[in-house]
>>> print(open('my_file.cif').read())   # mmCIF, C-alpha atoms and all ligand atoms
data_query
loop_
_atom_site.label_atom_id
_atom_site.label_comp_id
_atom_site.auth_asym_id
_atom_site.auth_seq_id
_atom_site.Cartn_x
_atom_site.Cartn_y
_atom_site.Cartn_z
CA MET U 882 129.36 91.58 -74.84
CA THR U 883 128.40 88.86 -72.43
CA ASN U 884 124.94 90.40 -72.40
CA GLU U 885 124.69 90.30 -76.15
CA ILE U 886 125.79 86.71 -76.12
CA ALA U 887 123.17 85.92 -73.52
CA ILE U 888 120.44 87.71 -75.56
CA PHE U 889 121.53 85.94 -78.70
CA ALA U 890 121.52 82.61 -76.92
CA THR U 891 118.05 83.25 -75.52
CA LEU U 892 116.72 84.36 -78.91
CA SER U 893 118.15 81.23 -80.50
CA ALA U 894 116.56 79.06 -77.83
CA ILE U 895 113.17 80.77 -78.31
CA THR U 896 113.44 80.39 -82.06
CA ALA U 897 114.34 76.71 -81.67
CA LEU U 898 111.47 76.19 -79.24
CA THR U 899 109.06 77.99 -81.57
CA ILE U 900 110.19 75.83 -84.46
CA TYR U 901 109.89 72.70 -82.29
CA VAL U 902 106.44 73.67 -81.02
CA PHE U 903 105.34 74.61 -84.50
CA ARG U 904 106.68 71.34 -85.97
CA HIS U 905 105.18 69.26 -83.17
CA ARG U 906 101.80 70.92 -83.53
CA HIS U 907 101.93 70.47 -87.25
CA SER U 908 102.73 66.76 -86.97
CA ARG U 909 99.90 66.26 -84.42
CA LYS U 910 97.52 67.93 -86.84
CA GLU U 911 98.88 65.76 -89.59
CA SER U 912 98.37 62.54 -87.64
CA ALA U 913 94.80 63.55 -86.66
CA ALA U 914 94.03 64.17 -90.33
CA GLU U 915 95.55 60.79 -91.19
CA VAL U 916 93.42 59.05 -88.58
CA ASN U 917 90.34 60.76 -90.00
CA ALA U 918 91.26 59.73 -93.53
CA TRP U 919 91.75 56.12 -92.37
CA LYS U 920 88.45 56.19 -90.59
CA LEU U 921 86.75 57.50 -93.70
CA ARG U 922 88.46 54.89 -95.87
CA LEU U 923 87.45 52.11 -93.46
CA GLU U 924 83.86 53.33 -93.39
CA LEU U 925 83.86 53.49 -97.16
CA ASP U 926 85.32 49.98 -97.44
CA LEU U 927 82.77 48.72 -94.95
CA LYS U 928 79.95 50.37 -96.87
CA GLN U 929 81.27 48.97 -100.14
CA ALA U 930 81.50 45.46 -98.63
CA ARG U 931 77.97 45.81 -97.23
CA ASP U 932 76.64 47.08 -100.58
CA GLU U 933 78.40 44.23 -102.37
CA ARG U 934 76.91 41.69 -99.93
CA ASN U 935 73.44 43.20 -100.36
CA ARG U 936 73.81 43.20 -104.14
CA LEU U 937 74.73 39.51 -104.06
CA LEU U 938 71.86 38.66 -101.73
CA ASP U 939 69.49 40.72 -103.87
CA ALA U 940 70.60 38.67 -106.86
CA LEU U 941 69.23 35.55 -105.11
CA GLY U 942 65.89 34.66 -106.67
CA ASP U 943 64.56 33.40 -103.33
CA PRO U 944 63.50 35.70 -100.50
CA PHE U 945 66.33 35.87 -97.94
CA LEU U 946 66.29 37.30 -94.39
CA LEU U 947 68.78 37.72 -91.58
CA VAL U 948 67.15 37.50 -88.17
CA ASP U 949 68.69 38.22 -84.76
CA SER U 950 68.20 36.31 -81.50
CA ASN U 951 65.22 38.56 -80.59
CA ALA U 952 63.48 37.28 -83.73
CA GLU U 953 63.77 40.69 -85.35
CA ILE U 954 64.58 41.08 -89.02
CA ARG U 955 68.00 42.68 -89.60
CA PHE U 956 68.18 42.29 -93.35
CA ALA U 957 65.74 41.48 -96.16
CA ASN U 958 66.80 41.07 -99.77
CA GLU U 959 64.88 42.43 -102.74
CA ALA U 960 62.92 39.17 -103.30
CA ALA U 961 61.86 39.18 -99.62
CA ARG U 962 60.73 42.79 -99.82
CA ALA U 963 58.75 42.01 -102.98
CA LEU U 964 57.25 38.87 -101.41
CA PHE U 965 55.96 40.81 -98.43
CA GLY U 966 54.42 43.43 -100.70
CA ASN U 967 57.10 46.02 -99.88
CA ARG U 968 55.86 46.23 -96.28
CA GLU U 969 58.43 47.49 -93.75
CA LEU U 970 60.51 44.50 -92.65
CA LEU U 971 63.66 45.89 -91.07
CA ASN U 972 63.75 45.72 -87.26
CA ARG U 973 60.29 44.17 -87.15
CA PRO U 974 59.63 40.97 -85.18
CA ILE U 975 59.00 38.12 -87.59
CA ARG U 976 55.66 37.30 -85.96
CA GLU U 977 54.46 40.70 -87.10
CA ALA U 978 56.04 40.59 -90.54
CA PHE U 979 54.77 37.11 -91.51
CA ILE U 980 51.02 37.17 -92.00
CA ASP U 981 50.47 33.53 -91.05
CA PRO U 982 51.92 32.25 -87.74
CA ARG U 983 52.69 28.89 -89.37
CA LEU U 984 55.47 30.54 -91.40
CA ALA U 985 56.95 32.16 -88.29
CA ASP U 986 56.70 28.98 -86.19
CA ALA U 987 59.24 27.07 -88.27
CA LEU U 988 61.71 29.91 -87.98
CA LEU U 989 61.15 30.40 -84.25
CA ARG U 990 61.94 26.73 -83.72
CA CYS U 991 65.33 27.29 -85.35
CA LEU U 992 65.96 30.38 -83.21
CA GLU U 993 65.08 28.50 -80.02
CA THR U 994 67.09 25.37 -80.63
CA GLY U 995 69.87 26.69 -82.90
CA GLU U 996 69.22 23.62 -85.05
CA PRO U 997 68.68 24.05 -88.80
CA VAL U 998 65.04 23.76 -89.89
CA GLN U 999 63.48 22.96 -93.28
CA SER U 1000 59.76 23.11 -92.96
CA ARG U 1001 57.01 22.93 -95.58
CA VAL U 1002 53.98 25.13 -94.95
CA VAL U 1003 50.75 24.95 -96.98
CA LEU U 1004 48.54 28.00 -96.64
CA PRO U 1005 45.11 29.06 -97.82
CA GLN U 1006 45.06 31.96 -100.29
CA GLN U 1007 43.97 34.50 -97.65
CA THR U 1008 47.08 34.06 -95.53
CA SER U 1009 49.70 33.87 -98.26
CA PRO U 1010 52.72 36.10 -97.58
CA ARG U 1011 52.03 37.56 -101.03
CA GLY U 1012 48.90 39.20 -99.61
CA ASP U 1013 46.54 40.56 -102.27
CA LEU U 1014 48.88 39.41 -105.04
CA GLU U 1015 48.07 35.79 -104.27
CA ASN U 1016 45.58 34.42 -106.77
CA ARG U 1017 46.75 30.83 -107.05
CA GLY U 1018 44.56 29.44 -104.29
CA VAL U 1019 46.34 27.13 -101.87
CA ASN U 1020 50.02 28.12 -101.76
CA ALA U 1021 53.02 26.21 -100.44
CA TRP U 1022 56.35 27.42 -98.99
CA ILE U 1023 59.53 25.94 -97.61
CA ILE U 1024 61.13 27.79 -94.70
CA ASP U 1025 64.81 26.95 -94.69
CA ALA U 1026 66.52 28.46 -91.62
CA ALA U 1027 69.98 27.92 -90.13
CA GLN U 1028 72.17 29.83 -87.71
CA LEU U 1029 75.25 31.47 -89.25
CA SER U 1030 78.61 30.55 -87.76
CA ASN U 1031 78.82 33.71 -85.66
CA PRO U 1032 81.95 34.86 -83.81
CA PRO U 1033 81.88 33.84 -80.11
CA ASP U 1034 80.15 36.30 -77.72
CA SER U 1035 78.28 37.95 -80.59
CA ASP U 1036 74.52 37.98 -81.03
CA PRO U 1037 73.70 34.88 -83.10
CA ILE U 1038 72.28 35.65 -86.54
CA THR U 1039 70.03 33.23 -88.40
CA ARG U 1040 69.62 33.17 -92.16
CA VAL U 1041 66.24 32.33 -93.61
CA ILE U 1042 65.40 31.36 -97.18
CA ILE U 1043 61.72 31.24 -98.14
CA ARG U 1044 61.07 29.03 -101.18
CA ASP U 1045 57.83 29.23 -103.14
CA VAL U 1046 56.90 25.63 -103.96
CA THR U 1047 53.27 26.29 -104.94
CA THR U 1048 53.64 24.99 -108.51
CA ALA U 1049 55.26 21.73 -107.38
CA HIS U 1050 52.56 21.37 -104.71
CA GLN U 1051 49.79 21.85 -107.27
CA ILE U 1052 51.34 19.34 -109.70
CA GLU U 1053 51.64 16.83 -106.85
CA GLN U 1054 47.99 17.44 -105.98
CA VAL U 1055 46.88 16.89 -109.59
CA ARG U 1056 48.89 13.64 -109.66
CA LYS U 1057 47.30 12.48 -106.42
CA ASP U 1058 43.82 13.27 -107.78
CA PHE U 1059 44.67 11.49 -111.01
CA VAL U 1060 45.75 8.34 -109.21
CA ALA U 1061 42.71 8.48 -106.92
CA ASN U 1062 40.32 8.99 -109.85
CA ALA U 1063 42.03 6.37 -112.00
CA SER U 1064 41.85 3.80 -109.20
CA HIS U 1065 38.20 4.64 -108.67
CA GLU U 1066 37.43 4.28 -112.40
CA LEU U 1067 39.30 0.98 -112.65
CA ARG U 1068 37.81 -0.44 -109.47
CA THR U 1069 34.23 -0.54 -110.82
CA PRO U 1070 34.83 -2.71 -113.92
CA LEU U 1071 37.27 -4.88 -111.95
CA ALA U 1072 34.69 -5.48 -109.23
CA ILE U 1073 32.11 -6.42 -111.87
CA ILE U 1074 34.52 -8.86 -113.55
CA ASN U 1075 35.38 -10.41 -110.18
CA GLY U 1076 31.70 -10.77 -109.30
CA TYR U 1077 30.97 -12.66 -112.51
CA LEU U 1078 34.08 -14.82 -112.10
CA GLU U 1079 32.90 -15.79 -108.63
CA ASN U 1080 29.51 -16.75 -110.02
CA LEU U 1081 31.08 -18.83 -112.74
CA LEU U 1082 33.65 -20.65 -110.62
CA ASP U 1083 32.31 -20.78 -107.07
CA ASP U 1084 28.66 -21.27 -107.92
CA ASP U 1085 29.51 -23.90 -110.53
CA MET U 1086 27.80 -22.19 -113.36
CA LEU U 1087 30.28 -23.26 -116.01
CA ASP U 1088 28.03 -26.14 -117.07
CA ASP U 1089 25.30 -23.70 -117.96
CA LYS U 1090 26.65 -22.76 -121.40
CA GLU U 1091 24.03 -20.11 -122.07
CA MET U 1092 24.61 -18.35 -118.73
CA SER U 1093 28.41 -18.64 -119.01
CA ARG U 1094 28.36 -16.99 -122.43
CA ARG U 1095 26.26 -14.13 -121.07
CA PHE U 1096 28.58 -13.63 -118.12
CA LEU U 1097 31.68 -13.77 -120.30
CA THR U 1098 30.22 -11.18 -122.67
CA VAL U 1099 29.64 -8.76 -119.79
CA MET U 1100 33.14 -9.46 -118.50
CA ARG U 1101 34.63 -8.72 -121.91
CA LYS U 1102 32.77 -5.39 -122.05
CA HIS U 1103 34.27 -4.34 -118.72
CA ALA U 1104 37.74 -5.65 -119.59
CA ASP U 1105 37.53 -3.50 -122.76
CA ARG U 1106 36.69 -0.55 -120.58
CA ILE U 1107 39.74 -1.17 -118.41
CA SER U 1108 42.02 -1.28 -121.46
CA ARG U 1109 40.47 1.92 -122.83
CA ILE U 1110 41.12 3.72 -119.52
CA VAL U 1111 44.70 2.42 -119.39
CA GLU U 1112 45.32 3.40 -123.05
CA ASP U 1113 43.96 6.92 -122.43
CA MET U 1114 46.03 7.28 -119.26
CA LEU U 1115 49.16 6.31 -121.16
CA VAL U 1116 48.44 8.89 -123.87
CA ILE U 1117 47.97 11.61 -121.23
CA SER U 1118 51.12 10.53 -119.44
CA ARG U 1119 53.13 10.66 -122.69
CA LEU U 1120 51.79 14.14 -123.49
CA GLU U 1121 52.50 15.37 -119.98
CA SER U 1122 55.96 13.89 -119.77
CA GLY U 1123 57.13 16.97 -121.66
CA GLU U 1124 59.71 14.87 -123.45
CA ALA U 1125 61.05 16.63 -126.54
CA ASN U 1126 60.33 13.51 -128.57
CA ALA U 1127 56.73 13.23 -127.35
CA LEU U 1128 55.67 14.83 -130.65
CA LYS U 1129 56.72 13.85 -134.14
CA VAL U 1130 56.33 17.11 -136.01
CA GLU U 1131 55.93 17.14 -139.78
CA PRO U 1132 53.68 18.86 -142.35
CA PHE U 1133 50.50 16.96 -143.18
CA ARG U 1134 47.22 17.64 -144.96
CA PHE U 1135 44.41 18.20 -142.46
CA ARG U 1136 41.96 16.64 -144.91
CA SER U 1137 43.81 13.32 -144.62
CA CYS U 1138 43.12 13.29 -140.83
CA ILE U 1139 39.43 13.90 -141.50
CA ASN U 1140 39.37 11.03 -144.00
CA ASP U 1141 41.01 8.71 -141.46
CA ILE U 1142 38.54 9.36 -138.69
CA LEU U 1143 35.51 9.22 -141.01
CA GLU U 1144 36.71 5.82 -142.12
CA ARG U 1145 37.11 4.63 -138.53
CA LEU U 1146 33.70 5.93 -137.51
CA GLU U 1147 31.96 4.95 -140.73
CA SER U 1148 29.67 2.27 -139.30
CA VAL U 1149 28.56 4.47 -136.36
CA ILE U 1150 27.86 7.36 -138.72
CA ARG U 1151 25.89 5.07 -141.02
CA ASN U 1152 23.91 3.45 -138.18
CA GLN U 1153 23.01 6.81 -136.65
CA LYS U 1154 22.34 8.31 -140.06
CA ALA U 1155 24.46 11.27 -138.96
CA GLU U 1156 25.24 13.94 -141.52
CA ILE U 1157 28.80 15.19 -141.74
CA LEU U 1158 29.57 18.57 -143.26
CA ILE U 1159 33.13 19.56 -144.01
CA THR U 1160 33.94 23.29 -144.20
CA MET U 1161 37.40 23.90 -145.60
CA PRO U 1162 37.81 26.90 -147.93
CA ASP U 1163 41.20 25.47 -148.85
CA PRO U 1164 40.97 21.66 -149.03
CA THR U 1165 44.76 21.36 -149.37
CA ILE U 1166 45.40 23.16 -146.06
CA THR U 1167 48.55 21.81 -144.40
CA LEU U 1168 49.29 21.76 -140.66
CA GLN U 1169 52.69 21.52 -139.02
CA GLY U 1170 52.44 19.08 -136.12
CA ASP U 1171 52.08 15.49 -135.00
CA ARG U 1172 49.56 13.86 -137.31
CA PHE U 1173 48.90 11.03 -134.83
CA TYR U 1174 47.72 13.44 -132.10
CA TRP U 1175 45.72 15.63 -134.50
CA THR U 1176 43.87 12.53 -135.71
CA GLN U 1177 43.21 11.59 -132.09
CA VAL U 1178 41.93 15.13 -131.32
CA LEU U 1179 39.53 15.03 -134.23
CA PHE U 1180 38.48 11.46 -133.49
CA ASN U 1181 37.65 12.23 -129.84
CA LEU U 1182 35.62 15.33 -130.74
CA VAL U 1183 33.60 13.69 -133.53
CA GLU U 1184 33.15 10.46 -131.56
CA ASN U 1185 31.86 12.50 -128.59
CA ALA U 1186 29.26 14.20 -130.79
CA LEU U 1187 28.11 10.80 -132.06
CA LYS U 1188 28.26 9.13 -128.63
CA GLN U 1189 26.26 11.79 -126.86
CA ASN U 1190 23.55 11.87 -129.55
CA PRO U 1191 22.80 8.29 -130.53
CA TYR U 1192 19.76 9.04 -132.70
CA SER U 1193 19.15 10.13 -136.25
CA GLY U 1194 19.03 13.74 -137.34
CA LEU U 1195 22.46 14.62 -135.99
CA HIS U 1196 24.52 17.10 -137.99
CA ILE U 1197 28.24 17.38 -137.37
CA GLU U 1198 30.40 20.07 -138.95
CA ILE U 1199 34.17 19.69 -139.16
CA GLY U 1200 35.98 22.86 -140.22
CA CYS U 1201 39.45 24.23 -140.76
CA GLN U 1202 40.42 27.69 -141.92
CA LEU U 1203 43.48 29.89 -141.85
CA LEU U 1204 42.72 33.24 -140.19
CA GLY U 1205 45.69 35.60 -139.88
CA GLU U 1206 48.53 33.81 -138.16
CA ASN U 1207 46.35 31.00 -136.79
CA HIS U 1208 44.58 27.94 -138.02
CA HIS U 1209 41.02 27.69 -136.71
CA ILE U 1210 39.71 24.16 -136.43
CA TRP U 1211 36.26 23.35 -135.17
CA VAL U 1212 33.85 20.48 -134.58
CA ALA U 1213 30.22 21.45 -134.05
CA ASP U 1214 27.02 19.44 -133.61
CA ASN U 1215 23.34 20.16 -133.09
CA GLY U 1216 22.85 17.56 -130.34
CA VAL U 1217 21.90 17.56 -126.65
CA GLY U 1218 24.76 19.90 -125.79
CA ILE U 1219 26.51 20.56 -122.51
CA PRO U 1220 24.80 22.40 -119.63
CA SER U 1221 26.49 25.75 -118.96
CA ALA U 1222 27.30 24.69 -115.35
CA ASP U 1223 29.43 21.83 -116.71
CA LEU U 1224 31.26 23.81 -119.39
CA PRO U 1225 34.10 25.10 -117.16
CA HIS U 1226 34.93 21.54 -116.01
CA ILE U 1227 34.56 19.67 -119.25
CA PHE U 1228 38.30 19.33 -119.97
CA ARG U 1229 39.10 17.95 -116.50
CA ARG U 1230 40.25 14.36 -116.28
CA PHE U 1231 37.45 11.89 -115.66
CA TYR U 1232 34.83 14.63 -115.73
CA ARG U 1233 31.57 13.44 -117.22
CA VAL U 1234 28.29 15.29 -117.38
CA GLU U 1235 25.50 13.77 -115.30
CA LYS U 1236 22.59 14.06 -117.63
CA HIS U 1237 19.10 12.64 -117.88
CA HIS U 1238 20.42 9.76 -119.99
CA SER U 1239 22.59 7.36 -118.06
CA GLN U 1240 26.31 7.80 -118.76
CA GLN U 1241 26.70 4.10 -118.00
CA GLU U 1242 25.09 3.40 -121.33
CA ILE U 1243 27.50 5.64 -123.18
CA LYS U 1244 30.92 4.26 -123.74
CA GLY U 1245 33.54 6.70 -122.44
CA THR U 1246 36.33 7.15 -119.96
CA GLY U 1247 35.97 10.84 -119.16
CA LEU U 1248 39.55 11.26 -120.40
CA GLY U 1249 38.81 12.06 -124.06
CA LEU U 1250 38.66 15.83 -123.73
CA SER U 1251 41.68 16.04 -121.43
CA ILE U 1252 43.67 14.21 -124.11
CA VAL U 1253 42.35 16.69 -126.69
CA LYS U 1254 43.35 19.66 -124.55
CA ARG U 1255 46.82 18.30 -123.72
CA ALA U 1256 47.54 17.44 -127.37
CA ILE U 1257 46.52 20.93 -128.51
CA GLU U 1258 48.56 22.61 -125.79
CA ALA U 1259 51.56 20.52 -126.82
CA HIS U 1260 51.14 22.22 -130.23
CA HIS U 1261 50.96 25.63 -128.49
CA GLY U 1262 47.28 25.95 -129.32
CA THR U 1263 44.13 26.54 -127.29
CA ILE U 1264 40.65 25.02 -127.25
CA GLY U 1265 37.33 26.49 -126.13
CA VAL U 1266 33.76 25.29 -126.14
CA THR U 1267 30.35 26.93 -126.44
CA SER U 1268 27.06 25.11 -126.20
CA VAL U 1269 23.44 25.95 -126.80
CA PRO U 1270 21.77 22.59 -126.10
CA GLY U 1271 19.78 21.36 -129.08
CA ARG U 1272 21.18 24.08 -131.35
CA GLU U 1273 24.93 24.09 -131.47
CA THR U 1274 27.78 22.67 -129.41
CA LYS U 1275 31.06 23.89 -130.85
CA PHE U 1276 34.63 23.05 -129.94
CA LEU U 1277 36.97 25.68 -131.44
CA ILE U 1278 40.72 25.16 -131.63
CA THR U 1279 43.20 27.92 -132.42
CA VAL U 1280 46.73 26.88 -133.27
CA PRO U 1281 49.65 28.93 -134.60
CA ARG U 1282 50.07 28.57 -138.35
CA GLU U 1283 53.82 28.05 -138.02
CA GLY U 1284 53.29 25.03 -135.77
CA LEU U 1285 56.16 24.00 -133.49
P1 LIG H 1 34.11 10.65 -122.39
O1 LIG H 1 35.12 9.60 -122.54
O2 LIG H 1 33.13 10.42 -121.31
O3 LIG H 1 33.48 11.02 -123.69
P2 LIG H 1 35.30 13.22 -122.57
O4 LIG H 1 36.38 13.82 -121.77
O5 LIG H 1 35.55 13.05 -124.03
O6 LIG H 1 34.92 11.89 -121.87
O7 LIG H 1 34.01 14.10 -122.42
C1 LIG H 1 33.61 14.50 -121.13
C2 LIG H 1 32.11 14.74 -121.10
O8 LIG H 1 31.80 15.88 -121.89
C3 LIG H 1 31.30 13.63 -121.72
O9 LIG H 1 31.08 12.61 -120.77
C4 LIG H 1 30.05 14.33 -122.10
O10 LIG H 1 29.18 14.39 -121.01
C5 LIG H 1 30.50 15.74 -122.44
N1 LIG H 1 30.59 15.99 -123.91
C6 LIG H 1 31.72 16.03 -124.65
N2 LIG H 1 31.45 16.31 -125.94
C7 LIG H 1 30.11 16.49 -126.02
C8 LIG H 1 29.20 16.82 -127.08
N3 LIG H 1 29.60 17.01 -128.34
N4 LIG H 1 27.90 16.91 -126.75
C9 LIG H 1 27.46 16.71 -125.50
N5 LIG H 1 28.25 16.41 -124.46
C10 LIG H 1 29.57 16.30 -124.71
#
>>> encode(input="my_file.cif", output="structure tokens")
Amino acid sequence: MTNEIAIFATLSAITALTIYVFRHRHSRKESAAEVNAWKLRLELDLKQARDERNRLLDALGDPFLLVDSNAEIRFANEAARALFGNRELLNRPIREAFIDPRLADALLRCLETGEPVQSRVVLPQQTSPRGDLENRGVNAWIIDAAQLSNPPDSDPITRVIIRDVTTAHQIEQVRKDFVANASHELRTPLAIINGYLENLLDDDMLDDKEMSRRFLTVMRKHADRISRIVEDMLVISRLESGEANALKVEPFRFRSCINDILERLESVIRNQKAEILITMPDPTITLQGDRFYWTQVLFNLVENALKQNPYSGLHIEIGCQLLGENHHIWVADNGVGIPSADLPHIFRRFYRVEKHHSQQEIKGTGLGLSIVKRAIEAHHGTIGVTSVPGRETKFLITVPREGL
């Protein structure tokens, strides 16, 4: 009996131990599985956070990079990848990734000093980060770099934003050229006026009535020139200001513009015995736009034809016709024309053709055609010119029928 009890007790103990061991093993397995699940969840969360961060940084319009202390790229957003022509950027030293060292220099300065850097870099077309895609000529960039507030003892990371400021740079350049050209154009008549004033006052010529009158007449001519240049510059400035109210848009009969300018130029036309032909299949044709600027466009084009050909036998055609969705407007003459080398530059401010006849003799500011072009562009139209000297010089404007 005692034996049986002992066997029973032993069996019970073994069973209990087996259950214990089994349970223990099971719970160890369970906790290992839990740890794995946590690890997976953490990795997933981390990946989701990283994807979310990348999505946000990709949404930035500007190219954005993260760079480590070895100047190697650790992250590049979509705009950065596109900027660098989808070349491999990750883990590459920035000196290698940036084509021009001037771009890298600004960033390296930030890495060395830890100080934020905002540096403007102007590059020739060949070394633009856009590579073969660059067709804008000189291109300008701002490198904006600053160290992130990294946790202590970690490798410092620097964020870099690359801003394309080429358009602003070009506009600034055009403005600078405009001011330089305008000053140059104004300086000549001012110097002439000053010269004559000196003669009159310092050399005591006022008593010589005849001479004084001659001097004053020349001075008035040059003062007129100054006001013409200033007037033209103001018109250009108004058109370029892009103000919504720069144009007063309303329907008007194109024929009424033609009548206006023919009236204003009547004496010149009569003196030069110029012949004017008007080609308008529909004489009641109506344009939608600013009548003031359209009259100015027409005036400048017809006046140019007369100015450049101050002799008899000149024929000028003014035309307007609706073709499809566009109005075609043209001014053509059979005068001296424009040499083909000058044609591409003719709409530039202050550009005047150096021809055999002296431009000094011909009244003009070199701003007339730029005003024409600006006014037409403000109406969403385009202008082109073709010239066969002595046969036909034709300015053709195409403007949407619906207007603005
Ligand atoms: P400008 O005030 O000198 O007339 P524009 O900008 O109107 O300035 O014209 C620029 C130049 O284009 C003129 O100086 C002239 O040399 C040339 N040009 C314009 N229209 C004609 C034309 N119909 N025939 C010949 N040359 C022209």
>>> axis_aligned_box(input="my_file.cif", around="ligand LIG 1 (chain H)", padding_each_side="4 Å", output="lines of an AutoDock Vina configuration file")
center_x = 31.9
center_y = 13.3
center_z = -124.6
size_x = 16.9
size_y = 15.4
size_z = 15.6
>>> closest_atom_pairs(input="my_file.cif", of="chain U", to="ligand LIG 1 (chain H)", cutoff="9 Å", atoms="only C-alpha atoms and all ligand atoms", output="Markdown table")
| residue | atom | partner | partner_atom | distance |
| --- | --- | --- | --- | --- |
| U:Ile1110 | CA | H:LIG1 | O1 | 8.9 |
| U:Asn1181 | CA | H:LIG1 | O5 | 6.2 |
| U:Leu1182 | CA | H:LIG1 | N2 | 6.4 |
| U:Val1183 | CA | H:LIG1 | N3 | 7.3 |
| U:Glu1184 | CA | H:LIG1 | O3 | 7.9 |
| U:Asn1185 | CA | H:LIG1 | N2 | 4.7 |
| U:Ala1186 | CA | H:LIG1 | N3 | 3.7 |
| U:Leu1187 | CA | H:LIG1 | N3 | 7.4 |
| U:Lys1188 | CA | H:LIG1 | O3 | 7.4 |
| U:Gln1189 | CA | H:LIG1 | C9 | 5.2 |
| U:Asn1190 | CA | H:LIG1 | N4 | 7.2 |
| U:Val1212 | CA | H:LIG1 | N3 | 8.3 |
| U:Ala1213 | CA | H:LIG1 | N3 | 7.3 |
| U:Asp1214 | CA | H:LIG1 | N3 | 6.4 |
| U:Asn1215 | CA | H:LIG1 | N4 | 8.5 |
| U:Gly1216 | CA | H:LIG1 | N4 | 6.2 |
| U:Val1217 | CA | H:LIG1 | C9 | 5.7 |
| U:Gly1218 | CA | H:LIG1 | C9 | 4.2 |
| U:Ile1219 | CA | H:LIG1 | N5 | 4.9 |
| U:Pro1220 | CA | H:LIG1 | N5 | 8.4 |
| U:Asp1223 | CA | H:LIG1 | O8 | 8.2 |
| U:Leu1224 | CA | H:LIG1 | O8 | 8.3 |
| U:His1226 | CA | H:LIG1 | O8 | 8.7 |
| U:Ile1227 | CA | H:LIG1 | O8 | 5.4 |
| U:Phe1228 | CA | H:LIG1 | O4 | 6.1 |
| U:Arg1229 | CA | H:LIG1 | O4 | 7.2 |
| U:Arg1230 | CA | H:LIG1 | O4 | 6.7 |
| U:Phe1231 | CA | H:LIG1 | O4 | 6.5 |
| U:Tyr1232 | CA | H:LIG1 | C1 | 5.5 |
| U:Arg1233 | CA | H:LIG1 | O9 | 3.7 |
| U:Val1234 | CA | H:LIG1 | O10 | 3.8 |
| U:Glu1235 | CA | H:LIG1 | O10 | 6.8 |
| U:Lys1236 | CA | H:LIG1 | O10 | 7.4 |
| U:Gln1240 | CA | H:LIG1 | O9 | 7.1 |
| U:Ile1243 | CA | H:LIG1 | O2 | 7.6 |
| U:Lys1244 | CA | H:LIG1 | O1 | 6.9 |
| U:Gly1245 | CA | H:LIG1 | O1 | 3.3 |
| U:Thr1246 | CA | H:LIG1 | O1 | 3.8 |
| U:Gly1247 | CA | H:LIG1 | O6 | 3.1 |
| U:Leu1248 | CA | H:LIG1 | O4 | 4.3 |
| U:Gly1249 | CA | H:LIG1 | O5 | 3.4 |
| U:Leu1250 | CA | H:LIG1 | O4 | 3.6 |
| U:Ser1251 | CA | H:LIG1 | O4 | 5.8 |
| U:Ile1252 | CA | H:LIG1 | O4 | 7.7 |
| U:Val1253 | CA | H:LIG1 | O5 | 8.2 |
| U:Ser1268 | CA | H:LIG1 | N4 | 8.3 |
| U:Pro1270 | CA | H:LIG1 | C9 | 8.2 |
| U:Thr1274 | CA | H:LIG1 | N3 | 6.0 |
| U:Lys1275 | CA | H:LIG1 | N3 | 7.5 |
| U:Phe1276 | CA | H:LIG1 | N3 | 8.0 |
>>> atom_distance(input="my_file.cif", atom1="CA of Ile1264 (chain U)", atom2="CA of Glu1053 (chain U)")
24.6 Å
>>> residues_around(input="my_file.cif", residues="region 1277-1284 of chain U", least_positions_apart="6", cutoff="10 Å", atoms="all atoms listed in the file", output="mmCIF file with C-alpha atoms, in the frame of the given file")
data_model
loop_
_atom_site.group_PDB
_atom_site.id
_atom_site.type_symbol
_atom_site.label_atom_id
_atom_site.label_comp_id
_atom_site.auth_asym_id
_atom_site.auth_seq_id
_atom_site.Cartn_x
_atom_site.Cartn_y
_atom_site.Cartn_z
ATOM 1 C CA VAL U 1130 56.330 17.110 -136.010
ATOM 2 C CA GLU U 1131 55.930 17.140 -139.780
ATOM 3 C CA PRO U 1132 53.680 18.860 -142.350
ATOM 4 C CA THR U 1167 48.550 21.810 -144.400
ATOM 5 C CA LEU U 1168 49.290 21.760 -140.660
ATOM 6 C CA GLN U 1169 52.690 21.520 -139.020
ATOM 7 C CA GLY U 1170 52.440 19.080 -136.120
ATOM 8 C CA ASP U 1171 52.080 15.490 -135.000
ATOM 9 C CA GLY U 1200 35.980 22.860 -140.220
ATOM 10 C CA CYS U 1201 39.450 24.230 -140.760
ATOM 11 C CA GLN U 1202 40.420 27.690 -141.920
ATOM 12 C CA LEU U 1203 43.480 29.890 -141.850
ATOM 13 C CA LEU U 1204 42.720 33.240 -140.190
ATOM 14 C CA GLY U 1205 45.690 35.600 -139.880
ATOM 15 C CA GLU U 1206 48.530 33.810 -138.160
ATOM 16 C CA ASN U 1207 46.350 31.000 -136.790
ATOM 17 C CA HIS U 1208 44.580 27.940 -138.020
ATOM 18 C CA HIS U 1209 41.020 27.690 -136.710
ATOM 19 C CA ILE U 1210 39.710 24.160 -136.430
ATOM 20 C CA TRP U 1211 36.260 23.350 -135.170
ATOM 21 C CA VAL U 1212 33.850 20.480 -134.580
ATOM 22 C CA ALA U 1213 30.220 21.450 -134.050
ATOM 23 C CA VAL U 1253 42.350 16.690 -126.690
ATOM 24 C CA LYS U 1254 43.350 19.660 -124.550
ATOM 25 C CA ILE U 1257 46.520 20.930 -128.510
ATOM 26 C CA GLU U 1258 48.560 22.610 -125.790
ATOM 27 C CA HIS U 1260 51.140 22.220 -130.230
ATOM 28 C CA HIS U 1261 50.960 25.630 -128.490
ATOM 29 C CA GLY U 1262 47.280 25.950 -129.320
ATOM 30 C CA THR U 1263 44.130 26.540 -127.290
ATOM 31 C CA ILE U 1264 40.650 25.020 -127.250
ATOM 32 C CA GLY U 1265 37.330 26.490 -126.130
ATOM 33 C CA VAL U 1266 33.760 25.290 -126.140
ATOM 34 C CA THR U 1267 30.350 26.930 -126.440
#
